[in-house]
4 protein chains.
Amino acid sequence: MATKRKICFPITSRAYYGRSQLLIRKLHAHPDVDLKLMLGGSILLDKYSRHVADDIAAGGFDIEASLFNVIEGGNHVAMAKTACLTALEFTNTFFTTSPDVVVICGDRFEQLAIAMAAAYLNITIAHIEGGDVTGSIDESVRHAITKLAHFHFVTNDDAHRRVLAMGEDPQFVFNTGSLDVELAAHVSTTITSDRVNAIGVGHDIDIDRPFLMVVQHPVTTEADNRAHLETTLRVVASFELPTIWFWPNPDAGTGEMADLLRHMRERQPHLTSHMRFITNVPASDFVALLAHASCLIGNSSAGIKECSFLGTPVVNIGNRQQGRLSGPHVMHAPYEAEEIGAAIATQLAHGRYPASDLYHRPNASQAIADVLASAALYTQKRFYE
Amino acid sequence: MATKRKICFPITSRAYYGRSQLLIRKLHAHPDVDLKLMLGGSILLDKYSRHVADDIAAGGFDIEASLFNVIEGGNHVAMAKTACLTALEFTNTFFTTSPDVVVICGDRFEQLAIAMAAAYLNITIAHIEGGDVTGSIDESVRHAITKLAHFHFVTNDDAHRRVLAMGEDPQFVFNTGSLDVELAAHVSTTITSDRVNAIGVGHDIDIDRPFLMVVQHPVTTEADNRAHLETTLRVVASFELPTIWFWPNPDAGTGEMADLLRHMRERQPHLTSHMRFITNVPASDFVALLAHASCLIGNSSAGIKECSFLGTPVVNIGNRQQGRLSGPHVMHAPYEAEEIGAAIATQLAHGRYPASDLYHRPNASQAIADVLASAALYTQKRFYE
Amino acid sequence: MATKRKICFPITSRAYYGRSQLLIRKLHAHPDVDLKLMLGGSILLDKYSRHVADDIAAGGFDIEASLFNVIEGGNHVAMAKTACLTALEFTNTFFTTSPDVVVICGDRFEQLAIAMAAAYLNITIAHIEGGDVTGSIDESVRHAITKLAHFHFVTNDDAHRRVLAMGEDPQFVFNTGSLDVELAAHVSTTITSDRVNAIGVGHDIDIDRPFLMVVQHPVTTEADNRAHLETTLRVVASFELPTIWFWPNPDAGTGEMADLLRHMRERQPHLTSHMRFITNVPASDFVALLAHASCLIGNSSAGIKECSFLGTPVVNIGNRQQGRLSGPHVMHAPYEAEEIGAAIATQLAHGRYPASDLYHRPNASQAIADVLASAALYTQKRFYE
Amino acid sequence: MATKRKICFPITSRAYYGRSQLLIRKLHAHPDVDLKLMLGGSILLDKYSRHVADDIAAGGFDIEASLFNVIEGGNHVAMAKTACLTALEFTNTFFTTSPDVVVICGDRFEQLAIAMAAAYLNITIAHIEGGDVTGSIDESVRHAITKLAHFHFVTNDDAHRRVLAMGEDPQFVFNTGSLDVELAAHVSTTITSDRVNAIGVGHDIDIDRPFLMVVQHPVTTEADNRAHLETTLRVVASFELPTIWFWPNPDAGTGEMADLLRHMRERQPHLTSHMRFITNVPASDFVALLAHASCLIGNSSAGIKECSFLGTPVVNIGNRQQGRLSGPHVMHAPYEAEEIGAAIATQLAHGRYPASDLYHRPNASQAIADVLASAALYTQKRFYE
């Protein structure tokens with residue numbers, strides 16, 4: 001009888017767990033797969049994701065390692081060192097666990113470091129969501145992972161074309177659609193006001209009446225994250241609508257952005273009195289909120305991807321998603337108060353958009369799990385031309 | 001008055017210093033450049049490169065850091081951890097030094113890690129020798145560095161084409177020829193027997209009579225490095241010619257290879273009695289030896305590149321250089337005694353080849369130095385299409 | 001002419017800078033000393049000490065390194081790894097700087113790790129504040145540092161006796177009194193309400209009317225930090241006096257304590273409405289607040305040392321200072337609401353105490369600086385008996 | 001039913017495994033103990049200890065982690081960084097394994113680092129072989145470990161007295177005698193010439209005729225290790241007796257010592273032609289060789305301890321064992337050729353000594369195992385006075 005294929009899935013942020021949960025469950029349930037989760041990065045830090053970690057623990061998964069390796073600082077040097085330390089520690093776990101495949105998701109900085117470690121250990125690497133074009137350091141990181149990875153699961157046709165251009169062998173590149181969008185299509189979009197108002201601090205939200213939603217993360221290649229966030233906050237405040245404001249994720253620049261939010265809450269209550277501040281919610285609640293919001297504002301990839309399927313109007317600000325394939329539901333604005341304000345007004349006047357399949361294929365997670373479980377593996381790459 | 005552009009040059013192996021020395025001197029001498037060397041990896045370890053470190057110290061360069069970060073083991077896990085630790089420590093030095101540009105050379109495993117750290121710190125990255133196709137993990141590492149780098153200095157037309165295919169902007173990709181070959185064209189190829197016999201241990205070499213030269217490094221993606229080396233050694237021994245045998249470089253697999261060599265010397269003196277074992281020599285002496293050797297055997301990139309210019313016959317063994325553009329002076333052989341032996345015999349019968357410009361452009365180092373010193377820098381990359 | 005003696009002073013927390021500032025200035029001014037500061041740990045993290053770092057930068061000191069090495073988690077594993085990473089990185093700086101002496105202060109966990117690194121590099125180690133007996137892990141750490149250190153500057157007679165008992169040579173053990181107390185005796189104790197109310201959040205304080213002051217840090221060897229803090233908060237709230245509450249310092253356990261404070265502020269405003277929450281203040285302001293407070297409550301060493309000189313009534317809670325030599329101004333209480341409450345009431349009724357010289361010698365910093373600048377150095381220790 | 005007590009035993013050098021093997025077997029066999037080995041440091045490096053690792057694997061022990069963390073360089077900075085990296089990685093394993101007790105042996109530099117990590121994680125620490133006085137950095141390291149440890153197993157009365165003087169509670173200090181000596185008393189001292197000559201390189205040894213044995217390790221606090229070794233080698237050579245020469249262990253300074261030995265073998269064959277060079281042997285063979293040698297020369301602790309029981313004459317050179325309680329079988333000599341030579345001549349004339357119990361108690365390992373298995377554990381230390 002054949003041994004099961006051992007697949008390591010490093011999870012380093014709540015967002016990654018959120019978007020990968022259908023795939024994780026399918027791999028866990030697969031008869032030919034021995035799934036090992038490895039936790040590191042911000043997923044282990046209480047303030048961002050305690051309930052996610054609880055959720056993982058409750059899932060009955062094998063957790064091969066829980067590695068605290070986030071270096072404080074919220075700046076570039078802390079980010080770089082976090083990546084290096086993460087890779088150093090994951091190397092030990094890879095060495096002990098000796099997996100057949102490591103699954104790398106997306107473009108977070110520590111995922112490149114983990115991919116590098118896996119590559120040096122001659123482990124086959126599968127990469128999900130390569131080939132997209134965006135702004136920030138994610139752009140470089142994503143393509144560098146592609147050049148280390150052996151199997152590629154892209155989410156759209158543009159990405160497919162780029163991964164091939166970079167010299168990857170077509171037989172190992174699969175357009176399966178986006179896991180985030182599959183999840184958005186899969187979970188219930190029902191949510192109650194009570195549930196929302198049990199989380200976070202600030203103004204109570206009536207889920208059945210118009211509200212704005214803001215998710216603006218740091219752009220690690222830019223220096224003005226605080227100023228850009230203040231611009232957004234003042235514009236959003238001017239609409240005097242109830243607003244759900246998500247805390248920025250913990251990349252370089254997050255410190256000054258968190259500081260700005262705390263400062264505005266304490267010192268400018270007239271601007272923030274309509275706002276509810278939330279650090280995080282389960283992925284399914286996040287989708288439900290997107291489905292209810294009158295407009296999503298900021299620079300989250302959810303605006304480009306999940307909202308294309310959900311039809312939620314989006315105002316995408318600045319360079320973080322620059323170049324990513326986006327549908328008609330997105331209006332792009334620079335870091336300028338006037339243009340952001342005009343775009344929000346236009347989207348509020350327009351209302352919801354029809355659902356799009358730009359990033360959507362049914363059964364993305366099953367398709368990926370099947371390849372991971374059964375494809376013939378290889379490690380020596382060769383530029384395909 | 002303008003401040004000088006600060007350029008960091010991480011040197012992590014004697015080979016890198018050897019091939020980069022003309023460029024380093026040109027950058028050091030450039031009026032608009034403030035050059036900072038950063039030493040790490042095997043360059044600091046006595047057994048491989050004490051005299052190289054002395055040479056660097058004597059050059060009057062600013063040495064910004066000397067970081068011991070090679071983790072012992074000579075296996076993949078040690079290699080991966082060395083890369084991670086190197087990157088962790090170089091991050092601190094980059095943070096303190098705050099360079100405008102970091103120069104990354106070639107495809108050694110720790111250079112990708114350093115490039116990653118520089119990328120996270122938003123430092124402009126210049127990459128030398130991208131775009132080539134070879135075997136082993138170097139293949140993946142080289143292309144991943146390309147996707148992190150902002151300026152590309154390739155050595156041949158094939159590489160140029162591939163770097164563009166990967167989505168790099170043509171205005172930042174320069175075919176300057178190979179620094180190794182420029183050096184080979186530049187240094188004196190005169191060397192005395194006395195000089196050779198003052199180095200290493202074993203049989204004395206008469207430089208003016210036919211001798212073989214062997215440089216066979218570990219292939220980190222393969223498991224049989226020891227057996228492959230033994231095959232080569234037995235074949236080479238059968239020619240009963242004086243032989244200069246270079247110690248393998250310290251990548252994963254080096255331990256068992258060094259062990260084999262020590263074992264053969266102690267226990268099989270009849271096979272090794274014609275051989276002189278050398279750990280390393282200054283780059284200029286290495287070139288002189290190549291220029292004198294009747295045939296170079298093994299898997300060194302010098303066989304493909306320097307020897308194309310020098311016209312030295314080469315028997316290239318196995319997968320390490322697989323796919324690299326090579327001239328008519330190279331015969332390729334698999335890890336099979338018979339085929340290796342036949343190829344050596346053919347090359348000895350043929351004798352030297354005419355010089356080729358496949359990898360040669362005059363003034364490669366000056367061309368690179370000029371771009372590094374004066375090109376407008378940028379950090380936000382974008383897939384070019 | 002003799003070279004100056006090179007003295008490295010690693011600073012890893014704002015508290016260490018605060019208490020050492022007179023010594024740092026005396027070393028900086030000393031004609032025979034070349035002082036090098038090395039920053040790491042929490043001193044570099046905005047949320048705890050941005051103005052301290054500014055103060056250091058403004059002092060004109062040589063800052064040899066600024067190393068981000070605090071690993072997030074606020075638990076034991078993060079604390080242990082922070083210590084190890086700190087030592088790893090300080091080793092590099094020690095190697096580059098090559099100091100004659102390293103000054104280690106007190107008993108913070110990362111200081112032992114730094115002392116260990118210095119010991120392995122054969123650098124002479126001076127230790128300030130050894131020999132005390134307290135609770136928590138500090139107790140072990142402090143004595144372990146003593147056994148690595150070559151020069152000892154203790155603050156009281158009990159400590160002096162213990163350091164000798166541990167086998168240290170009497171000629172290298174100096175009772176110079178406490179630097180904290182020297183600072184408390186040295187700075188102005190004048191402070192305005194405006195200055196206090198410009199810092200932190202919450203209730204405004206009238207400095208000229210009775211107020212309580214709370215400084216309760218995590219005890220890293222205990223599991224109930226959150227519960228113990230809640231006990232203190234509820235008791236303090238019951239006095240309905242204005243209260244300045246200092247944020248706990250960032251040792252293991254800090255996360256859950258910070259959480260409790262945030263929770264109480266948001267959800268129990270009736271308990272916290274008299275309180276002002278402050279993360280930190282310059283050392284001189286801290287002394288001025290101690291001098292004005294009606295009672296200091298918690299587990300800070302300032303209650304034992306500075307307050308003995310200032311005469312401020314203290315209620316010391318739990319095990320953190322257990323065993324430390326304390327004067328009559330301190331009442332000790334276990335983690336029990338009733339006993340804490342009774343002790344506060346007694347201290348409020350009693351009022352201020354006369355100044356004590358238990359920990360006070362004039363010119364502690366000058367005495368230490370003189371020894372560091374001129375004593376004959378040695379590295380090979382030997383158990384003295 | 002009670003859970004077994006989980007005891008972690010970090011092994012970081014072949015010497016530690018050698019001397020601890022009886023204890024390890026007793027703990028492994030103990031019905032109340034769940035023993036977990038953790039391998040790191042030089043034990044994992046082929047060139048020093050492959051057969052030891054094989055022996056461990058064959059023992060059926062639980063190996064909780066195998067961590068490559070030796071940083072190359074053979075100098076102080078590499079030694080310090082190795083300690084720090086070891087501690088960083090062992091922290092992760094301690095966190096995962098969550099042991100009740102960690103056993104720390106002796107005074108090697110990385111053992112202090114591991115003890116520090118365990119202390120920060122609130123794990124009870126048992127220390128074997130504290131309280132001795134010696135030279136080099138080991139002196140400081142040993143006592144610093146004592147101040148972190150909760151249970152102490154000392155090997156002689158002098159050590160007992162010192163551990164108590166340092167403020168350790170008498171109820172936790174046990175004089176059990178030396179594990180090395182127990183092993184020496186326990187193993188067969190029979191060994192054949194064939195067995196010896198199958199190991200290492202050089203002159204064949206006739207075990208039944210007089211031979212010298214040399215074990216001279218680096219003294220990490222001294223700069224002249226190479227010169228000191230050359231002095232010893234020239235003196236030993238002058239006796240023209242067959243000699244078994246053990247390779248120095250891999251502490252700082254080992255590189256230049258190894259270099260000297262290689263140089264002397266290659267270039268001064270007339271001096272080394274009587275010598276057999278051995279990197280290591282199983283602990284039992286080592287004892288057998290000690291039992292047969294006419295004289296042990298160098299600075300190994302085996303000369304002080306095992307040889308006191310075996311009655312082998314010893315010439316102890318230099319400062320490494322300085323101050324350690326030694327019997328009449330030891331003659332001490334400085335690093336001076338004449339005095340070393342005179343001492344060897346005297347010892348050869350004297351012949352073997354009667355067995356001593358200076359370091360010997362029967363059943364040391366059982367006594368230690370029993371305490372570890374059944375004593376009530378504690379973590380909060382307190383200076384005992």
# chains A, B, ... in the order shown; residues from 1 in each chain; ligands from 1
$ interface_residues --of "chain A" --to "chain D" --cutoff "12 Å" --atoms "only C-alpha atoms" --output "list in words"
Gly40, Ile63, Glu64, Ala65, Ser66, Leu67, Phe68, Asn69, Leu85, Thr86, Leu88, Glu89, Phe90, Thr91, Asn92, Thr93, Phe94, Phe95, Thr96 and Thr97 of chain A
$ residues_around --residues "stretch 214-217 of chain D" --least-positions-apart "5" --cutoff "6 Å" --atoms "only C-alpha atoms" --output "MDAnalysis selection string"
chainID D and resid 245:246 248:249 296:300
$ residues_around --residues "B:Arg352" --least-positions-apart "2" --cutoff "7 Å" --atoms "only C-alpha atoms" --output "number ranges by chain"
B: 311-313, 350, 354
$ write_last_selection --atoms "N, CA and C atoms" --output "compact mmCIF listing (two decimals), in the first residue's frame"
# COMPACT_ATOMS: atom_id res chain seq x y z
N GLY B 311 40.28 28.88 -24.84
CA GLY B 311 40.45 27.78 -25.78
C GLY B 311 40.88 26.47 -25.14
N THR B 312 40.70 26.36 -23.84
CA THR B 312 41.06 25.12 -23.16
C THR B 312 40.00 24.04 -23.41
N PRO B 313 40.41 22.84 -23.78
CA PRO B 313 39.43 21.75 -23.95
C PRO B 313 38.76 21.43 -22.60
N HIS B 350 42.61 16.31 -29.42
CA HIS B 350 42.30 17.52 -30.17
C HIS B 350 43.25 18.66 -29.84
N PRO B 354 40.38 27.53 -30.74
CA PRO B 354 40.52 28.98 -30.93
C PRO B 354 39.65 29.76 -29.92
$ residues_around --residues "C:Ala373" --least-positions-apart "5" --cutoff "12 Å" --atoms "only C-alpha atoms" --output "list in words"
Thr3, Lys4, Arg5, Lys6, Ile7, Leu23, Lys26, Leu27, His28, Ala29, His30, Pro31, Asp32, Val33, Asp34, Leu35, Asp100, Val101, Val102, Val103, Ala126, Gln366, Ala367 and Ile368 of chain C
$ closest_residue --among "A:Gln268, A:Ser140, A:Asn156, A:Ser356" --to "A:Leu310" --atoms "only C-alpha atoms"
A:Ser356
$ residues_around --residues "stretch 232-235 of chain A" --least-positions-apart "5" --cutoff "12 Å" --atoms "only C-alpha atoms" --output "count of residues only"
49
$ atom_distance --atom1 "atom CA of C:Leu37" --atom2 "atom CA of C:Lys81"
22.5 Å
$ select_by_dssp --residues "stretch 20-237 of chain D" --states "helix (DSSP H, G or I)" --output "PyMOL selection string"
chain D and resi 20-29+41-44+46-58+76-97+109-120+138-148+157-165+170-172+179-186+193-197+225-237
$ residues_around --residues "B:Phe309" --least-positions-apart "5" --cutoff "8 Å" --atoms "only C-alpha atoms" --output "list in words"
Val181, Ala184, Ala185, Pro354, Ala355, Ser356, Asp357, Leu358, Tyr359 and His360 of chain B
$ write_last_selection --atoms "all heavy atoms" --output "compact mmCIF listing (two decimals), in the first residue's frame"
# COMPACT_ATOMS: atom_id res chain seq x y z
N VAL B 181 35.15 36.21 -17.79
CA VAL B 181 35.89 36.14 -19.05
C VAL B 181 36.72 37.41 -19.23
O VAL B 181 37.86 37.36 -19.69
CB VAL B 181 34.92 35.90 -20.22
CG1 VAL B 181 35.67 35.92 -21.55
CG2 VAL B 181 34.21 34.56 -20.02
N ALA B 184 39.70 36.78 -17.28
CA ALA B 184 40.56 35.81 -17.95
C ALA B 184 41.34 36.47 -19.09
O ALA B 184 42.50 36.16 -19.36
CB ALA B 184 39.74 34.64 -18.48
N ALA B 185 40.70 37.44 -19.74
CA ALA B 185 41.35 38.14 -20.84
C ALA B 185 42.35 39.16 -20.33
O ALA B 185 43.25 39.60 -21.05
CB ALA B 185 40.29 38.83 -21.70
N PRO B 354 40.38 27.53 -30.74
CA PRO B 354 40.52 28.98 -30.93
C PRO B 354 39.65 29.76 -29.92
O PRO B 354 38.62 29.26 -29.48
CB PRO B 354 40.01 29.20 -32.36
CG PRO B 354 39.19 28.00 -32.69
CD PRO B 354 39.71 26.86 -31.88
N ALA B 355 40.11 30.96 -29.60
CA ALA B 355 39.36 31.80 -28.64
C ALA B 355 37.99 32.16 -29.20
O ALA B 355 37.85 32.40 -30.39
CB ALA B 355 40.16 33.06 -28.35
N SER B 356 36.97 32.19 -28.32
CA SER B 356 35.61 32.54 -28.75
C SER B 356 35.13 33.77 -27.96
O SER B 356 35.53 34.00 -26.82
CB SER B 356 34.68 31.36 -28.46
OG SER B 356 33.37 31.81 -28.22
N ASP B 357 34.24 34.57 -28.57
CA ASP B 357 33.67 35.73 -27.87
C ASP B 357 32.26 35.48 -27.36
O ASP B 357 31.51 36.41 -27.06
CB ASP B 357 33.69 36.95 -28.80
CG ASP B 357 35.04 37.64 -28.74
OD1 ASP B 357 35.85 37.29 -27.87
OD2 ASP B 357 35.26 38.55 -29.56
N LEU B 358 31.91 34.20 -27.25
CA LEU B 358 30.56 33.85 -26.81
C LEU B 358 30.17 34.59 -25.52
O LEU B 358 29.05 35.07 -25.38
CB LEU B 358 30.54 32.33 -26.55
CG LEU B 358 29.22 31.61 -26.56
CD1 LEU B 358 28.53 31.76 -27.91
CD2 LEU B 358 29.46 30.11 -26.29
N TYR B 359 31.08 34.64 -24.57
CA TYR B 359 30.81 35.30 -23.28
C TYR B 359 31.69 36.54 -23.08
O TYR B 359 31.81 37.03 -21.99
CB TYR B 359 31.10 34.32 -22.13
CG TYR B 359 30.05 33.26 -21.95
CD1 TYR B 359 30.20 31.99 -22.51
CD2 TYR B 359 28.89 33.53 -21.23
CE1 TYR B 359 29.24 31.01 -22.34
CE2 TYR B 359 27.92 32.56 -21.04
CZ TYR B 359 28.09 31.29 -21.60
OH TYR B 359 27.13 30.33 -21.41
N HIS B 360 32.31 37.00 -24.11
CA HIS B 360 33.29 38.05 -23.94
C HIS B 360 32.86 39.37 -24.58
O HIS B 360 32.48 39.40 -25.75
CB HIS B 360 34.63 37.59 -24.56
CG HIS B 360 35.71 38.61 -24.41
ND1 HIS B 360 36.39 39.14 -25.48
CD2 HIS B 360 36.23 39.20 -23.31
CE1 HIS B 360 37.29 40.01 -25.04
NE2 HIS B 360 37.21 40.08 -23.73
$ atom_distance --atom1 "atom CA of A:Thr220" --atom2 "atom CA of A:Ala252"
5.5 Å
$ residues_around --residues "stretch 374-379 of chain A" --least-positions-apart "3" --cutoff "9 Å" --atoms "only C-alpha atoms" --output "ChimeraX atom specification"
/A:5,32,100-101,119,122-125,149-151,369-371 /B:137,221
$ select_by_dssp --residues "stretch 236-362 of chain A" --states "strand (DSSP E or B)" --output "list of chain:residue names"
A:Thr243, A:Ile244, A:Trp245, A:Phe246, A:Met275, A:Arg276, A:Phe277, A:Ile278, A:Cys295, A:Leu296, A:Ile297, A:Gly298, A:Val314, A:Val315, A:Asn316, A:Ile317, A:Val330, A:Met331, A:His332, A:Ala333
$ write_last_selection --atoms "C-alpha atoms" --output "mmCIF file, in the first residue's frame"
data_model
loop_
_atom_site.group_PDB
_atom_site.id
_atom_site.type_symbol
_atom_site.label_atom_id
_atom_site.label_comp_id
_atom_site.auth_asym_id
_atom_site.auth_seq_id
_atom_site.Cartn_x
_atom_site.Cartn_y
_atom_site.Cartn_z
ATOM 1 C CA THR A 243 -18.577 52.967 8.705
ATOM 2 C CA ILE A 244 -16.828 49.711 9.553
ATOM 3 C CA TRP A 245 -13.120 50.388 9.636
ATOM 4 C CA PHE A 246 -10.710 47.459 9.634
ATOM 5 C CA MET A 275 -17.057 54.590 12.832
ATOM 6 C CA ARG A 276 -16.708 51.111 14.269
ATOM 7 C CA PHE A 277 -13.081 49.856 14.450
ATOM 8 C CA ILE A 278 -12.531 46.150 14.055
ATOM 9 C CA CYS A 295 -19.108 50.649 -0.835
ATOM 10 C CA LEU A 296 -15.708 49.195 0.046
ATOM 11 C CA ILE A 297 -12.940 51.779 0.263
ATOM 12 C CA GLY A 298 -9.176 51.216 0.594
ATOM 13 C CA VAL A 314 -15.342 49.569 -4.658
ATOM 14 C CA VAL A 315 -13.110 52.615 -4.458
ATOM 15 C CA ASN A 316 -9.550 51.359 -4.716
ATOM 16 C CA ILE A 317 -6.995 53.864 -3.448
ATOM 17 C CA VAL A 330 -13.906 49.134 -9.181
ATOM 18 C CA MET A 331 -13.135 52.836 -9.387
ATOM 19 C CA HIS A 332 -9.488 53.706 -8.897
ATOM 20 C CA ALA A 333 -8.393 56.847 -7.066
#
$ atom_distance --atom1 "atom CA of C:Thr231" --atom2 "atom CA of C:Gly200"
22.5 Å
